[in-house]
$ cat upload-v9.txt   # compact mmCIF, C-alpha atoms
# COMPACT_ATOMS: atom_id res chain seq x y z
CA MET A 18 -112.41 2.45 -38.01
CA ASN A 19 -114.70 2.64 -35.01
CA ASP A 20 -112.99 4.94 -32.57
CA ALA A 21 -114.38 8.36 -31.77
CA GLY A 22 -114.27 11.22 -29.31
CA SER A 23 -116.47 13.92 -27.92
CA ILE A 24 -116.47 17.54 -29.02
CA HIS A 25 -115.38 18.43 -25.51
CA PHE A 26 -112.35 16.20 -25.83
CA PHE A 27 -111.25 17.50 -29.20
CA LYS A 28 -111.93 21.08 -28.17
CA LYS A 29 -109.57 20.65 -25.24
CA VAL A 30 -106.92 18.93 -27.32
CA SER A 31 -107.15 21.65 -29.96
CA ASN A 32 -105.91 24.13 -27.38
CA PHE A 33 -102.85 22.14 -26.39
CA SER A 34 -99.46 23.15 -27.72
CA ARG A 35 -97.92 21.25 -30.58
CA GLY A 36 -95.83 19.07 -28.26
CA GLU A 37 -98.84 17.87 -26.29
CA LYS A 38 -100.85 17.42 -29.48
CA LYS A 39 -98.16 15.08 -30.74
CA LYS A 40 -98.41 12.97 -27.61
CA VAL A 41 -102.19 12.82 -27.85
CA HIS A 42 -101.87 12.01 -31.52
CA ALA A 43 -99.58 9.05 -30.78
CA ILE A 44 -102.10 7.68 -28.30
CA LEU A 45 -104.98 8.10 -30.76
CA ILE A 46 -103.00 6.27 -33.41
CA ALA A 47 -102.39 3.45 -30.95
CA ALA A 48 -106.09 3.39 -30.11
CA MET A 49 -106.94 3.05 -33.78
CA LYS A 50 -105.03 -0.22 -33.76
CA GLY A 51 -107.10 -1.56 -30.90
CA HIS A 52 -107.37 -1.45 -27.15
CA HIS A 53 -104.60 -3.99 -26.89
CA GLU A 54 -102.22 -1.33 -28.24
CA LEU A 55 -103.18 1.07 -25.47
CA CYS A 56 -102.58 -1.65 -22.91
CA HIS A 57 -99.07 -2.15 -24.28
CA TYR A 58 -98.28 1.45 -25.08
CA THR A 59 -94.65 2.53 -24.73
CA VAL A 60 -92.72 5.64 -25.64
CA ASP A 61 -89.28 6.30 -27.06
CA GLY A 62 -86.51 6.04 -24.52
CA SER A 63 -88.16 3.51 -22.24
CA SER A 64 -89.33 -0.06 -22.50
CA LEU A 65 -91.70 0.40 -19.57
CA LEU A 66 -95.42 0.34 -20.21
CA VAL A 67 -97.35 3.57 -20.00
CA ARG A 68 -100.04 3.20 -17.38
CA ASN A 69 -103.42 2.49 -18.91
CA LYS A 70 -106.08 1.11 -16.67
CA SER A 71 -109.73 0.98 -15.82
CA SER A 72 -110.84 3.96 -13.79
CA ALA A 73 -112.72 1.51 -11.60
CA ASP A 74 -109.35 0.68 -10.08
CA VAL A 75 -109.86 2.97 -7.10
CA PRO A 76 -107.68 2.86 -3.97
CA SER A 77 -109.56 1.20 -1.15
CA THR A 78 -108.63 4.11 1.08
CA ASP A 79 -110.62 6.55 -1.06
CA SER A 80 -113.54 8.06 0.85
CA GLN A 81 -115.76 7.65 -2.22
CA PHE A 82 -114.48 4.21 -3.07
CA LEU A 83 -117.77 2.59 -4.09
CA GLN A 84 -119.25 5.67 -5.74
CA LYS A 85 -116.20 6.07 -7.96
CA ILE A 86 -116.18 2.41 -8.89
CA ASN A 87 -119.86 2.51 -9.79
CA TYR A 88 -119.39 5.69 -11.82
CA ALA A 89 -116.43 4.24 -13.70
CA LYS A 90 -118.31 1.04 -14.43
CA LYS A 91 -121.44 2.91 -15.51
CA TYR A 92 -119.51 4.72 -18.23
CA ASN A 93 -116.85 2.03 -18.84
CA LEU A 94 -114.19 4.57 -17.99
CA TRP A 95 -110.51 4.00 -18.59
CA HIS A 96 -107.59 6.38 -18.62
CA ILE A 97 -104.13 6.40 -20.09
CA HIS A 98 -101.30 8.62 -18.92
CA ALA A 99 -100.68 11.21 -21.60
CA GLY A 100 -97.04 12.13 -21.06
CA PHE A 101 -97.34 15.80 -20.11
CA TYR A 102 -96.70 18.21 -18.43
CA ASN A 103 -93.16 17.92 -17.11
CA VAL A 104 -93.51 20.34 -14.21
CA ASN A 105 -90.27 21.01 -12.31
CA ASN A 106 -88.66 18.19 -14.28
CA GLU A 107 -90.47 15.66 -12.11
CA TYR A 108 -91.36 13.67 -15.20
CA PRO A 109 -88.08 13.46 -17.13
CA ILE A 110 -88.76 10.33 -19.20
CA PHE A 111 -89.90 11.36 -22.67
CA ASN A 112 -90.22 14.84 -21.16
CA GLY A 113 -93.46 13.94 -19.43
CA TYR A 114 -93.32 10.55 -17.72
CA LYS A 115 -91.70 9.12 -14.63
CA LYS A 116 -91.35 5.58 -13.36
CA SER A 117 -93.92 4.73 -10.74
CA VAL A 118 -93.35 2.54 -7.71
CA PHE A 119 -95.19 -0.15 -9.67
CA GLY A 120 -92.65 0.00 -12.49
CA ASP A 121 -94.80 1.60 -15.16
CA LEU A 122 -94.79 5.12 -16.58
CA VAL A 123 -97.09 7.78 -15.20
CA SER A 124 -97.58 11.44 -16.02
CA ASP A 125 -99.41 14.43 -14.67
CA TRP A 126 -102.16 14.41 -17.31
CA MET A 127 -104.36 11.60 -18.47
CA LEU A 128 -106.65 10.95 -21.39
CA HIS A 129 -110.00 9.52 -20.36
CA TYR A 130 -112.01 7.27 -22.57
CA SER A 131 -114.81 4.79 -22.42
CA TYR A 132 -114.32 1.30 -23.69
CA ASP A 133 -117.20 -1.11 -23.98
CA GLY A 134 -115.11 -3.96 -25.25
CA LYS A 135 -115.50 -2.87 -28.85
CA LYS A 136 -115.16 0.84 -29.33
CA ILE A 137 -112.88 3.44 -27.76
CA TYR A 138 -114.49 6.81 -27.15
CA PHE A 139 -112.28 9.62 -25.86
CA ILE A 140 -114.10 11.93 -23.51
CA ASP A 141 -111.69 14.17 -21.64
CA ALA A 142 -108.15 15.10 -20.71
CA THR A 143 -107.37 16.13 -17.16
CA PRO A 144 -104.48 16.46 -14.72
CA HIS A 145 -103.97 14.58 -11.51
CA PRO A 146 -105.59 14.07 -9.12
CA MET A 147 -108.40 12.58 -11.15
CA GLN A 148 -111.81 14.02 -10.36
CA ILE A 149 -113.86 11.29 -11.91
CA PHE A 150 -117.24 12.89 -11.23
CA ASN A 151 -116.18 16.02 -13.09
CA LEU A 152 -115.38 14.26 -16.33
CA VAL A 153 -117.56 15.48 -19.15
CA VAL A 154 -119.21 12.23 -20.16
CA SER A 155 -121.26 13.30 -23.14
CA MET B 16 -122.66 18.93 -7.14
CA ASP B 17 -120.98 15.76 -8.12
CA SER B 18 -121.04 16.14 -11.83
CA THR B 19 -121.50 18.69 -14.54
CA SER B 20 -122.42 16.37 -17.34
CA VAL B 21 -125.01 17.64 -19.74
CA GLY B 22 -127.67 15.32 -20.99
CA ARG B 23 -128.03 14.91 -24.69
CA ALA B 24 -131.76 14.81 -24.44
CA GLY B 25 -131.96 18.40 -23.28
CA THR B 26 -132.74 21.31 -25.52
CA ILE B 27 -132.17 24.99 -24.99
CA SER B 28 -135.00 27.42 -25.50
CA VAL B 29 -134.56 31.13 -24.97
CA ASN B 30 -137.46 33.32 -23.99
CA ASN B 31 -136.69 36.91 -24.87
CA GLY B 32 -133.12 36.38 -23.90
CA GLN B 33 -133.91 36.35 -20.21
CA PHE B 34 -134.55 32.81 -19.07
CA VAL B 35 -133.42 29.55 -20.43
CA LEU B 36 -135.45 26.59 -19.29
CA PHE B 37 -134.43 23.09 -19.97
CA THR B 38 -133.71 19.90 -18.17
CA LEU B 39 -130.13 19.46 -17.20
CA SER B 40 -128.99 15.96 -16.55
CA VAL B 41 -126.66 15.86 -13.59
CA SER B 42 -125.42 13.05 -11.47
CA THR B 43 -127.09 14.13 -8.29
CA SER B 44 -130.47 13.51 -6.81
CA ALA B 45 -131.62 17.02 -7.64
CA GLU B 46 -132.89 18.38 -10.91
CA PHE B 47 -131.98 21.90 -11.84
CA THR B 48 -134.23 23.72 -14.23
CA LYS B 49 -133.65 27.39 -13.65
CA CYS B 50 -131.02 28.74 -15.97
CA ILE B 51 -130.14 32.31 -16.65
CA PRO B 52 -127.92 33.55 -19.43
CA THR B 53 -125.76 36.31 -17.97
CA THR B 54 -124.18 37.14 -21.26
CA SER B 55 -124.80 35.96 -24.75
CA LEU B 56 -122.19 33.29 -24.22
CA LYS B 57 -122.66 32.24 -20.63
CA VAL B 58 -125.35 30.34 -18.80
CA VAL B 59 -125.53 30.20 -15.04
CA VAL B 60 -127.71 27.57 -13.46
CA TYR B 61 -129.31 27.87 -10.06
CA PRO B 62 -131.29 25.26 -8.17
CA VAL B 63 -135.03 25.58 -8.56
CA SER B 64 -135.34 26.50 -4.92
CA ALA B 65 -132.92 29.41 -5.23
CA MET B 66 -134.20 32.94 -4.94
CA VAL B 67 -133.07 34.41 -8.22
CA THR B 68 -134.37 37.72 -9.46
CA PRO B 69 -133.56 39.21 -12.85
CA ILE B 70 -133.03 42.93 -12.33
CA ALA B 71 -131.92 43.85 -15.81
CA GLU B 72 -130.90 42.22 -18.99
CA ASN B 73 -128.05 39.88 -18.26
CA MET B 74 -128.07 40.79 -14.57
CA VAL B 75 -129.55 38.83 -11.69
CA VAL B 76 -129.58 38.90 -7.95
CA ALA B 77 -129.30 35.51 -6.35
CA GLN B 78 -129.20 34.43 -2.75
CA THR B 79 -127.15 31.41 -3.48
CA GLU B 80 -124.17 30.44 -5.55
CA PRO B 81 -124.93 28.96 -8.95
CA VAL B 82 -124.56 25.23 -9.20
CA PHE B 83 -123.54 25.33 -12.79
CA ASN B 84 -121.71 27.91 -14.82
CA PHE B 85 -121.27 27.03 -18.40
CA ASP B 86 -120.15 28.58 -21.61
CA LEU B 87 -123.24 28.64 -23.81
CA VAL B 88 -121.36 27.67 -26.93
CA GLU B 89 -119.76 24.77 -25.14
CA MET B 90 -123.09 23.77 -23.65
CA GLN B 91 -124.79 23.85 -27.03
CA MET B 92 -121.99 21.77 -28.45
CA ALA B 93 -122.38 19.28 -25.63
CA LEU B 94 -126.13 19.12 -26.10
CA ASP B 95 -125.72 18.67 -29.81
CA SER B 96 -122.81 16.38 -29.32
CA GLU B 97 -122.60 13.55 -31.66
CA GLU B 98 -119.76 11.17 -31.57
CA ILE B 99 -116.94 12.61 -33.61
CA PRO B 100 -115.43 9.78 -35.61
CA ILE B 101 -111.68 9.84 -35.70
CA PRO B 102 -110.78 9.88 -39.39
CA ASP B 103 -108.16 7.49 -40.65
CA GLU B 104 -106.28 10.44 -42.10
CA ILE B 105 -105.17 11.57 -38.66
CA GLU B 106 -102.30 9.14 -38.93
CA ASN B 107 -100.73 12.12 -40.65
CA PHE B 108 -99.97 14.54 -37.82
CA ASP B 109 -100.28 17.65 -39.98
CA PHE B 110 -103.76 16.51 -41.00
CA PHE B 111 -104.59 15.89 -37.35
CA GLU B 112 -103.42 19.35 -36.34
CA ASN B 113 -105.45 21.01 -39.08
CA TRP B 114 -108.46 18.82 -38.33
CA LEU B 115 -108.42 19.98 -34.71
CA GLU B 116 -108.80 23.61 -35.77
CA GLN B 117 -112.53 23.11 -36.32
CA PHE B 118 -113.01 22.58 -32.59
CA LYS B 119 -111.44 25.83 -31.45

$ encode --input "upload-v9.txt" --output "structure tokens"
Amino acid sequence: MNDAGSIHFFKKVSNFSRGEKKKVHAILIAAMKGHHELCHYTVDGSSLLVRNKSSADVPSTDSQFLQKINYAKKYNLWHIHAGFYNVNNEYPIFNGYKKSVFGDLVSDWMLHYSYDGKKIYFIDATPHPMQIFNLVVS
Amino acid sequence: MDSTSVGRAGTISVNNGQFVLFTLSVSTSAEFTKCIPTTSLKVVVYPVSAMVTPIAENMVVAQTEPVFNFDLVEMQMALDSEEIPIPDEIENFDFFENWLEQFK
């Protein structure tokens, strides 16, 4: 068992409601089985993959394109869509996801973690749009 | 500022409860070292160049906005932060929920 998280991360999760805690819990359990599980993470009611990707995957139109890529690479940042919150029923799948134009599942909130190829270290949970420079990387 | 990350290497020292001086690691080119606790639980950080005058305990007059405003408890936790291993027992959700209580 090598996975871990920061105090900041667990402090934030501790203040979620039970429903969101369960979704975080499911992702942590998947992480415990390896990064491969996060890359193939699905939820009940859909066979589509939940989006999990390197945070260095920045749109080329972003005004801070290179800075964000460098920051993500520096801390090996990844994020997985967490499946909450379902605001205005815009995310009806699993009460927190919707199908993206790319055919995977996305949600309003994400869990951020670093992954160095061996260990997964959860650092933060934030809503869209992602403010990568504000992540508490401790 | 671009980032509010706190460096692990920093330490907090309090001088008579008025000024807190330590090195704050931030992802900008500047280094901020002037920190003032405004309450027992809050720390407000101004750039070194800022004109900041303490006028009474927990009260300051500043000619600029703080660059960093942090809960002292959260800051101390970040500074002291060690990696929190995720215990195998969290596979049980009830255990997980109870385990999280320590972080509140």

$ atom_distance --input "upload-v9.txt" --atom1 "CA of Phe101 in chain A" --atom2 "CA of Thr78 in chain A"
26.7 Å

$ closest_residue --input "upload-v9.txt" --among "A:Ile97, A:Leu128, A:Ala89, A:Val30" --to "Arg68 in chain A" --atoms "only C-alpha atoms"
A:Ile97

$ atom_distance --input "upload-v9.txt" --atom1 "CA of Ala73 in chain A" --atom2 "CA of Lys50 in chain A"
23.5 Å

$ residues_around --input "upload-v9.txt" --residues "Met147 in chain A" --least-positions-apart "6" --cutoff "10 Å" --atoms "all atoms listed in the file" --output "ChimeraX atom specification"
/A:72,96,125-127,129

$ residues_around --input "upload-v9.txt" --residues "Tyr92 in chain A" --least-positions-apart "2" --cutoff "8 Å" --atoms "all atoms listed in the file" --output "PDB file with C-alpha atoms, keeping the file's coordinate frame"
ATOM      1  CA  TYR A  88    -119.390   5.690 -11.820  1.00  0.00           C
ATOM      2  CA  ALA A  89    -116.430   4.240 -13.700  1.00  0.00           C
ATOM      3  CA  LYS A  90    -118.310   1.040 -14.430  1.00  0.00           C
ATOM      4  CA  LEU A  94    -114.190   4.570 -17.990  1.00  0.00           C
ATOM      5  CA  SER A 131    -114.810   4.790 -22.420  1.00  0.00           C
ATOM      6  CA  VAL A 154    -119.210  12.230 -20.160  1.00  0.00           C
TER       7      VAL A 154
END

$ closest_residue --input "upload-v9.txt" --among "A:Ala21, A:Leu122, A:Leu83, A:Ala142" --to "Ile110 in chain A" --atoms "only C-alpha atoms"
A:Leu122

$ atom_distance --input "upload-v9.txt" --atom1 "CA of Val123 in chain A" --atom2 "CA of Ser23 in chain A"
24.0 Å

$ closest_atom_pairs --input "upload-v9.txt" --of "chain A" --to "chain B" --cutoff "6 Å" --atoms "all atoms listed in the file" --output "tab-separated table"
residue	atom	partner	partner_atom	distance
A:Asp20	CA	B:Ile101	CA	6.0
A:Ala21	CA	B:Pro100	CA	4.2
A:Gly22	CA	B:Ile99	CA	5.2
A:Ser23	CA	B:Glu98	CA	5.6
A:Lys28	CA	B:Phe118	CA	4.8
A:Ser31	CA	B:Leu115	CA	5.2
A:Phe150	CA	B:Ser18	CA	5.0
A:Asn151	CA	B:Ser18	CA	5.0
A:Val153	CA	B:Ser20	CA	5.3
A:Val154	CA	B:Ser20	CA	5.9

$ closest_residue --input "upload-v9.txt" --among "A:Tyr102, A:Phe119, A:Tyr114, A:Phe33" --to "Ser63 in chain A" --atoms "only C-alpha atoms"
A:Tyr114

$ build_atoms --input "upload-v9.txt" --residues "range 128-148 of chain A" --atoms "N, CA and C atoms" --output "mmCIF file, in the coordinates of the input"
data_model
loop_
_atom_site.group_PDB
_atom_site.id
_atom_site.type_symbol
_atom_site.label_atom_id
_atom_site.label_comp_id
_atom_site.auth_asym_id
_atom_site.auth_seq_id
_atom_site.Cartn_x
_atom_site.Cartn_y
_atom_site.Cartn_z
ATOM 1 N N LEU A 128 -105.537 10.925 -20.435
ATOM 2 C CA LEU A 128 -106.650 10.950 -21.390
ATOM 3 C C LEU A 128 -107.684 9.947 -20.913
ATOM 4 N N HIS A 129 -108.919 10.391 -20.826
ATOM 5 C CA HIS A 129 -110.000 9.520 -20.360
ATOM 6 C C HIS A 129 -110.822 9.036 -21.550
ATOM 7 N N TYR A 130 -111.195 7.805 -21.489
ATOM 8 C CA TYR A 130 -112.010 7.270 -22.570
ATOM 9 C C TYR A 130 -112.926 6.185 -22.021
ATOM 10 N N SER A 131 -113.947 5.922 -22.773
ATOM 11 C CA SER A 131 -114.810 4.790 -22.420
ATOM 12 C C SER A 131 -114.500 3.661 -23.391
ATOM 13 N N TYR A 132 -114.603 2.482 -22.873
ATOM 14 C CA TYR A 132 -114.320 1.300 -23.690
ATOM 15 C C TYR A 132 -115.304 0.205 -23.302
ATOM 16 N N ASP A 133 -116.156 -0.122 -24.258
ATOM 17 C CA ASP A 133 -117.200 -1.110 -23.980
ATOM 18 C C ASP A 133 -116.816 -2.508 -24.452
ATOM 19 N N GLY A 134 -115.557 -2.675 -24.739
ATOM 20 C CA GLY A 134 -115.110 -3.960 -25.250
ATOM 21 C C GLY A 134 -115.002 -3.982 -26.762
ATOM 22 N N LYS A 135 -115.551 -2.944 -27.392
ATOM 23 C CA LYS A 135 -115.500 -2.870 -28.850
ATOM 24 C C LYS A 135 -114.911 -1.530 -29.319
ATOM 25 N N LYS A 136 -115.523 -0.476 -28.821
ATOM 26 C CA LYS A 136 -115.160 0.840 -29.330
ATOM 27 C C LYS A 136 -114.516 1.700 -28.250
ATOM 28 N N ILE A 137 -113.527 2.482 -28.654
ATOM 29 C CA ILE A 137 -112.880 3.440 -27.760
ATOM 30 C C ILE A 137 -113.443 4.816 -28.064
ATOM 31 N N TYR A 138 -113.880 5.501 -26.992
ATOM 32 C CA TYR A 138 -114.490 6.810 -27.150
ATOM 33 C C TYR A 138 -113.822 7.779 -26.178
ATOM 34 N N PHE A 139 -113.024 8.689 -26.708
ATOM 35 C CA PHE A 139 -112.280 9.620 -25.860
ATOM 36 C C PHE A 139 -113.210 10.726 -25.368
ATOM 37 N N ILE A 140 -113.142 10.977 -24.073
ATOM 38 C CA ILE A 140 -114.100 11.930 -23.510
ATOM 39 C C ILE A 140 -113.461 13.151 -22.859
ATOM 40 N N ASP A 141 -112.235 13.020 -22.372
ATOM 41 C CA ASP A 141 -111.690 14.170 -21.640
ATOM 42 C C ASP A 141 -110.194 14.005 -21.451
ATOM 43 N N ALA A 142 -109.562 15.099 -21.088
ATOM 44 C CA ALA A 142 -108.150 15.100 -20.710
ATOM 45 C C ALA A 142 -108.023 15.955 -19.471
ATOM 46 N N THR A 143 -107.438 15.391 -18.430
ATOM 47 C CA THR A 143 -107.370 16.130 -17.160
ATOM 48 C C THR A 143 -106.044 15.827 -16.455
ATOM 49 N N PRO A 144 -105.673 16.722 -15.534
ATOM 50 C CA PRO A 144 -104.480 16.460 -14.720
ATOM 51 C C PRO A 144 -104.829 15.645 -13.481
ATOM 52 N N HIS A 145 -103.781 15.185 -12.807
ATOM 53 C CA HIS A 145 -103.970 14.580 -11.510
ATOM 54 C C HIS A 145 -104.308 15.653 -10.480
ATOM 55 N N PRO A 146 -104.938 15.347 -9.378
ATOM 56 C CA PRO A 146 -105.590 14.070 -9.120
ATOM 57 C C PRO A 146 -106.888 13.953 -9.912
ATOM 58 N N MET A 147 -107.220 12.779 -10.316
ATOM 59 C CA MET A 147 -108.400 12.580 -11.150
ATOM 60 C C MET A 147 -109.672 12.868 -10.364
ATOM 61 N N GLN A 148 -110.499 13.728 -10.937
ATOM 62 C CA GLN A 148 -111.810 14.020 -10.360
ATOM 63 C C GLN A 148 -112.856 13.335 -11.248
#
